[in-house]
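Read through the structure below, which is laid out as structure tokens, and then see the notes.
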Amino acid sequence: MSDSIATLRDSIVRGDTTARAAAESALNSAEKLNESLNAFLEIDREGALNRADAIDRRIRSQTEIADETSALPALAGVPLAVKDNICVRGMQASCGSRILGPYQPPYNATAIERLIAAGSVIIGKTNCDEFAMGSSNENSAFGPVKNPWDTSRVPGGSSGGSAAAVAAGIVPVALGSDTGGSVRQPAAFCGVIGLKPTYGRVSRYGLVAFGSSLDQIGVLASEASDAAAVLQVIAGRDAHDSTTADVPVPDYSAELSKDAKGLRIGVSRVLLGEGLNAEVLAAIEKSIEVYRDLGAEIVDVDLPHAKYAIAVYYIIATAEASSNLARYDGVRYGFRAEDAPALRNMYRRTRDEGFGAEVKRRIMLGTYVLSAGYYDAYYLKAQKVRTLLRQDFATAFAACDAVLTPTTPTPAFLFGEKIDDPLEMYLNDVYTVTANLAGVPGISVPCGMSADGLPIGLQLLGPYWSEARLLHLAHAYQKAHPLNARPKVHA
């Protein structure tokens with residue numbers, strides 16, 4: 001699946017190939033590579049081929065009658081993978097957890113409805129950290145996803161299955177969710193584009209909640225142009241989600257042709273200090289020069305409260321997780337513990353057997369910071385610092401059009417390297433959580449390779465609703481400095 005979305009779609013509507021052929025290619029690759037990558041929890045061959053055949057019939061009918069292909073859906077026949085915490089009717093939504101397992105939702109998420117209407121073909125649901133809680137994809141109840149560049153290393157979490165599927169060439173694009181960097185981090189580790197939109201740009205209806213004030217559906221793609229095409233379809237106000245904003249959706253693809261000349265890119269030198277891997281620092285310094293050569297002006301900015309971001313995030317996110325995950329009790333849907341006749345005992349055993357260690361850890365932390373004796377000291381104070389972070393970004397964006405940082409402090413690490421040290425694992429989120437706390441958009445772009453042959457990502461953060469600018473900056477970087485290396489595991 002090396003073709004871009006636009007190229008593949010045009011080939012299908014011209015009749016050079018078919019939606020069924022594209023779907024079969026993606027399905028065959030997914031089935032072939034899943035043993036080595038574990039990227040998919042469900043591969044829907046029958047459903048995908050039925051959807052592809054319907055697209056082919058529509059194309060034949062429309063071209064025979066009017067010879068007009070421009071009116072065909074924007075993503076006609078394009079194969080797509082979906083993270084397993086986003087609802088697709090007729091397919092599982094396990095969230096990588098035993099407590100939901102093979103549960104099938106009776107409705108589609110709004111983003112899925114819009115993608116289906118645009119003609120995309122969903123081939124399967126991708127593996128993820130349980131309830132999207134993790135930075136490495138080692139927390140799935142169904143085993144970890146492997147990084148296509150080096151299967152001894154993590155793909156990043158929690159959307160690691162979607163990132164691996166795109167990096168391995170199984171699909172050109174996939175959906176993920178981003179609560180603290182869970183689209184951007186696996187994008188960096190797997191060498192693909194990872195876009196987290198502004199909070200409220202994409203409907204959360206049908207996205208299983210982790211942290212409701214932080215979650216956002218995002219896009220993983222091999223090219224910025226593909227991410228733009230998918231965002232064009234899924235963005236916009238939704239009556240099912242009151243947190244979506246009634247803000248016009250621009251033509252993202254049209255914005256890609258702009259160059260970076262005259263744009264101001266902010267760099268906070270404080271964020272390029274202690275804890276940053278030397279190879280990542282070198283790649284970021286090189287990317288700054290690439291943008292300078294493209295005509296951008298590099299300016300210094302200050303984000304004085306960014307040093308508190310990890311502490312603030314893991315208070316707010318765990319508090320919201322504790323509240324959201326209280327609904328999983330074995331009564332209404334999903335897993336229920338056996339041999340637990342008393343109601344209270346059934347609740348306790350269902351949650352004990354159904355949730356994994358990381359989810360339990362975050363529920364306990366969240367319950368603690370929300371408790372009567374500690375609410376003011378932790379949760380309330382964290383919300384106040386969150387406001388200061390938003391003000392920091394407002395000040396920074398008054399001086400620049402985008403802020404450039406690393407996406408992760410290191411390239412992909414080995415399985416087991418950090419799993420026994422939660423604090424070290426949480427520090428992997430240091431560059432990404434600020435965007436979720438402030439609600440601003442962010443994008444990860446491949447910007448280099450480590451000596452071990454692992455991708456490195458740069459992150460661009462922008463003001464609210466500036467996805468078009470971030471996408472065209474990402475597109476300009478990819479044109480000037482493409483990542484030509486390919487993963488060891490590739491379709």
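Identifiers for the structure tokens are assigned positionally: chains receive A, B, ... in sequence, residues are indexed from 1 per chain, and ligands are indexed from 1 in the order shown.
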Report the residues of segment 244-389 of chain A whose backbone DSSP state falls under strand (DSSP E), written as an mmCIF file with N, CA and C atoms, in the first residue's frame.
```cif
data_model
loop_
_atom_site.group_PDB
_atom_site.id
_atom_site.type_symbol
_atom_site.label_atom_id
_atom_site.label_comp_id
_atom_site.auth_asym_id
_atom_site.auth_seq_id
_atom_site.Cartn_x
_atom_site.Cartn_y
_atom_site.Cartn_z
ATOM 1 N N ARG A 264 6.973 31.967 11.252
ATOM 2 C CA ARG A 264 7.854 32.013 12.425
ATOM 3 C C ARG A 264 7.675 30.718 13.225
ATOM 4 N N ILE A 265 8.764 30.016 13.422
ATOM 5 C CA ILE A 265 8.733 28.764 14.184
ATOM 6 C C ILE A 265 9.458 28.989 15.503
ATOM 7 N N GLY A 266 8.732 28.760 16.585
ATOM 8 C CA GLY A 266 9.298 28.980 17.912
ATOM 9 C C GLY A 266 9.993 27.743 18.454
ATOM 10 N N VAL A 267 11.094 27.978 19.134
ATOM 11 C CA VAL A 267 11.865 26.900 19.762
ATOM 12 C C VAL A 267 12.148 27.301 21.206
ATOM 13 N N GLU A 297 11.399 31.737 9.781
ATOM 14 C CA GLU A 297 12.171 32.460 10.775
ATOM 15 C C GLU A 297 12.119 31.687 12.089
ATOM 16 N N ILE A 298 13.253 31.422 12.680
ATOM 17 C CA ILE A 298 13.320 30.690 13.941
ATOM 18 C C ILE A 298 13.416 31.700 15.087
ATOM 19 N N VAL A 299 12.478 31.615 16.018
ATOM 20 C CA VAL A 299 12.445 32.555 17.141
ATOM 21 C C VAL A 299 12.448 31.771 18.452
ATOM 22 N N ASP A 300 12.984 32.383 19.482
ATOM 23 C CA ASP A 300 12.994 31.769 20.809
ATOM 24 C C ASP A 300 11.677 32.053 21.514
#
```
**Message:** Need to verify the contact set: segment 383-394 of chain A, 8 Å, only C-alpha atoms, exclusion of same-chain residues closer than 5 positions in sequence. Can you return it as a PyMOL selection string?
**Reply:** chain A and resi 302-306+308-309+312+316+434+437-438+463
Using only C-alpha atoms, which residues of segment 277-326 of chain A come within 12 Å of segment 132-138 of chain A, and what is the closest atom pair for each, with the distance in Å to one decimal? Give it as CSV, sorted by chain and residue number.
```
residue,atom,partner,partner_atom,distance
A:Tyr314,CA,A:Met133,CA,11.0
A:Ala317,CA,A:Met133,CA,9.7
A:Thr318,CA,A:Met133,CA,9.6
A:Ala321,CA,A:Met133,CA,9.3
A:Leu325,CA,A:Met133,CA,11.9
```
**Message:** Given only C-alpha atoms as the basis, pick out the residue of A:Val440, A:Ala71, A:Met425, A:Ala30 nearest to Gly200 of chain A.
**Reply:** A:Val440
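Atom CA of Asn139 of chain A is found 11.1 Å from atom CA of Gly416 of chain A.
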**Request:** For Val280 of chain A, please output as an MDAnalysis selection string all residues within 7 Å (counting only C-alpha atoms; exclusion window: fewer than 6 positions along the same chain).
**Result:** chainID A and resid 409:410 456
**Request:** Identify which of the residues A:Ser4, A:Thr367, A:Thr18, A:Asn34 lies closest to Ser225 of chain A, counting only C-alpha atoms when measuring atom-to-atom distances.
**Result:**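 The shortest atom-to-atom distance to Ser225 of chain A comes from A:Ser4.
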**Message:** Residues within 10 Å of segment 146-152 of chain A, please, as a ChimeraX atom specification. Count only C-alpha atoms; anything in the same chain fewer than 3 positions from it doesn't count.
**Reply:** /A:33-39,136-138,143,155-156,160-161,163-169,186,189-191,412-416,452-455,485-490
Keeping only C-alpha atoms, write the selected residues as an mmCIF file, in the first residue's frame.
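Generated output (result.cif):
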```
data_model
loop_
_atom_site.group_PDB
_atom_site.id
_atom_site.type_symbol
_atom_site.label_atom_id
_atom_site.label_comp_id
_atom_site.auth_asym_id
_atom_site.auth_seq_id
_atom_site.Cartn_x
_atom_site.Cartn_y
_atom_site.Cartn_z
ATOM 1 C CA LEU A 33 2.103 -9.579 8.920
ATOM 2 C CA ASN A 34 -0.103 -9.885 11.988
ATOM 3 C CA GLU A 35 1.784 -12.873 13.347
ATOM 4 C CA SER A 36 4.987 -10.819 13.452
ATOM 5 C CA LEU A 37 3.479 -7.426 14.396
ATOM 6 C CA ASN A 38 0.249 -8.193 16.329
ATOM 7 C CA ALA A 39 -1.065 -4.887 14.976
ATOM 8 C CA SER A 136 4.631 1.740 24.659
ATOM 9 C CA ASN A 137 1.729 -0.558 23.668
ATOM 10 C CA GLU A 138 2.902 -3.123 26.218
ATOM 11 C CA GLY A 143 -0.175 -8.883 23.724
ATOM 12 C CA PRO A 155 5.939 0.867 18.532
ATOM 13 C CA GLY A 156 4.835 3.528 21.025
ATOM 14 C CA GLY A 160 0.757 1.502 18.347
ATOM 15 C CA GLY A 161 -1.316 -0.888 16.234
ATOM 16 C CA ALA A 163 1.032 3.323 13.625
ATOM 17 C CA ALA A 164 2.534 -0.092 12.892
ATOM 18 C CA ALA A 165 -0.132 -0.818 10.264
ATOM 19 C CA VAL A 166 0.701 2.399 8.402
ATOM 20 C CA ALA A 167 4.482 2.067 8.809
ATOM 21 C CA ALA A 168 4.395 -1.512 7.505
ATOM 22 C CA GLY A 169 2.461 -0.405 4.404
ATOM 23 C CA PRO A 186 3.799 5.962 18.015
ATOM 24 C CA PHE A 189 8.610 5.616 16.921
ATOM 25 C CA CYS A 190 7.270 4.143 13.658
ATOM 26 C CA GLY A 191 8.377 6.887 11.252
ATOM 27 C CA ALA A 412 11.849 3.443 20.268
ATOM 28 C CA PHE A 413 13.065 1.484 23.289
ATOM 29 C CA LEU A 414 13.270 -2.257 23.898
ATOM 30 C CA PHE A 415 10.341 -4.272 25.238
ATOM 31 C CA GLY A 416 10.563 -4.487 29.016
ATOM 32 C CA ASP A 452 20.320 1.785 15.291
ATOM 33 C CA GLY A 453 18.131 2.502 12.268
ATOM 34 C CA LEU A 454 15.127 3.778 14.223
ATOM 35 C CA PRO A 455 12.987 6.770 13.216
ATOM 36 C CA ALA A 485 14.343 4.232 4.601
ATOM 37 C CA ARG A 486 11.801 1.410 4.950
ATOM 38 C CA PRO A 487 11.009 -0.786 7.965
ATOM 39 C CA LYS A 488 12.355 -4.326 8.100
ATOM 40 C CA VAL A 489 8.771 -5.613 8.218
ATOM 41 C CA HIS A 490 6.898 -4.206 5.258
#
```
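Considering only C-alpha atoms, the residue among A:Ala337, A:Cys400, A:Leu214, A:Ala282 positioned nearest to Asp352 of chain A is A:Ala337.
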**Request:** Tell me which protein, DNA and RNA residues are within 8 Å of segment 477-479 of chain A, counting only C-alpha atoms, leaving out same-chain ones fewer than 6 positions away, and put them as a PyMOL selection string.
**Result:** chain A and resi 223-224+290-291+445-446
Write to file, as a PDB file, in the first residue's frame, the residues of the selection just made, with C-alpha atoms.
```pdb
ATOM      1  CA  GLU A 223       2.221  11.440   4.158  1.00  0.00           C
ATOM      2  CA  ALA A 224       0.887  14.774   5.415  1.00  0.00           C
ATOM      3  CA  VAL A 290      15.783  22.577   7.348  1.00  0.00           C
ATOM      4  CA  TYR A 291      12.990  24.997   8.195  1.00  0.00           C
ATOM      5  CA  VAL A 445       6.820  14.392  11.469  1.00  0.00           C
ATOM      6  CA  PRO A 446       9.675  11.924  10.757  1.00  0.00           C
TER       7      PRO A 446
END
```
**Complete:** Residue with the minimum atom-to-atom distance to Leu473 of chain A, picked from A:Asn436, A:Ser94, A:Asn428, A:Ser257 with only C-alpha atoms counted, is A:Ser257
**Item:** Proximity to Arg201 of chain A - best of A:Ala245, A:Ala342, A:Val433, A:Cys95, only C-alpha atoms
**Value:**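 Closest to Arg201 of chain A of all the choices is A:Ala245.
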**Request:** Figure out the distance between atom CA of Val230 of chain A and atom CA of Ile122 of chain A, please, to one decimal in Å.
**Result:**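 Rounded to one decimal, the two atoms are 13.0 Å apart.
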**Message:** I'd like the contact shell of Ala52 of chain A - 12 Å cut-off, only C-alpha atoms, skipping same-chain residues fewer than 5 positions apart - returned as a ChimeraX atom specification.
**Reply:** /A:12,17-27,44-47,57-59,75-80,116,119-123
Can those selected residues be exported to a file as an mmCIF file, in the first residue's frame so that it contains C-alpha atoms?
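Full text of result.cif as output:
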```cif
data_model
loop_
_atom_site.group_PDB
_atom_site.id
_atom_site.type_symbol
_atom_site.label_atom_id
_atom_site.label_comp_id
_atom_site.auth_asym_id
_atom_site.auth_seq_id
_atom_site.Cartn_x
_atom_site.Cartn_y
_atom_site.Cartn_z
ATOM 1 C CA ILE A 12 -9.928 3.269 -8.552
ATOM 2 C CA THR A 17 -7.755 -0.895 -10.349
ATOM 3 C CA THR A 18 -10.739 -1.623 -8.120
ATOM 4 C CA ALA A 19 -11.725 -0.993 -4.531
ATOM 5 C CA ARG A 20 -11.902 -4.774 -4.091
ATOM 6 C CA ALA A 21 -8.316 -5.206 -5.302
ATOM 7 C CA ALA A 22 -7.128 -2.469 -2.921
ATOM 8 C CA ALA A 23 -9.031 -4.046 -0.031
ATOM 9 C CA GLU A 24 -7.704 -7.532 -0.817
ATOM 10 C CA SER A 25 -4.151 -6.219 -0.924
ATOM 11 C CA ALA A 26 -4.555 -4.572 2.489
ATOM 12 C CA LEU A 27 -6.307 -7.606 3.981
ATOM 13 C CA ASP A 44 -12.834 -8.022 8.847
ATOM 14 C CA ARG A 45 -12.274 -9.682 5.470
ATOM 15 C CA GLU A 46 -15.937 -10.324 4.669
ATOM 16 C CA GLY A 47 -17.159 -6.890 5.717
ATOM 17 C CA ARG A 57 -20.716 -0.940 -8.155
ATOM 18 C CA ARG A 58 -21.301 2.719 -7.396
ATOM 19 C CA ILE A 59 -18.326 3.765 -9.524
ATOM 20 C CA LEU A 75 -11.966 8.412 -0.160
ATOM 21 C CA ALA A 76 -13.612 5.983 -2.607
ATOM 22 C CA GLY A 77 -12.080 2.540 -2.049
ATOM 23 C CA VAL A 78 -9.292 3.700 0.290
ATOM 24 C CA PRO A 79 -8.435 0.989 2.895
ATOM 25 C CA LEU A 80 -8.395 2.189 6.499
ATOM 26 C CA ILE A 116 -17.909 5.352 5.405
ATOM 27 C CA GLY A 119 -16.173 5.699 0.592
ATOM 28 C CA SER A 120 -13.355 4.382 2.769
ATOM 29 C CA VAL A 121 -13.107 0.645 3.434
ATOM 30 C CA ILE A 122 -12.397 -0.341 7.040
ATOM 31 C CA ILE A 123 -10.317 -3.518 7.059
#
```
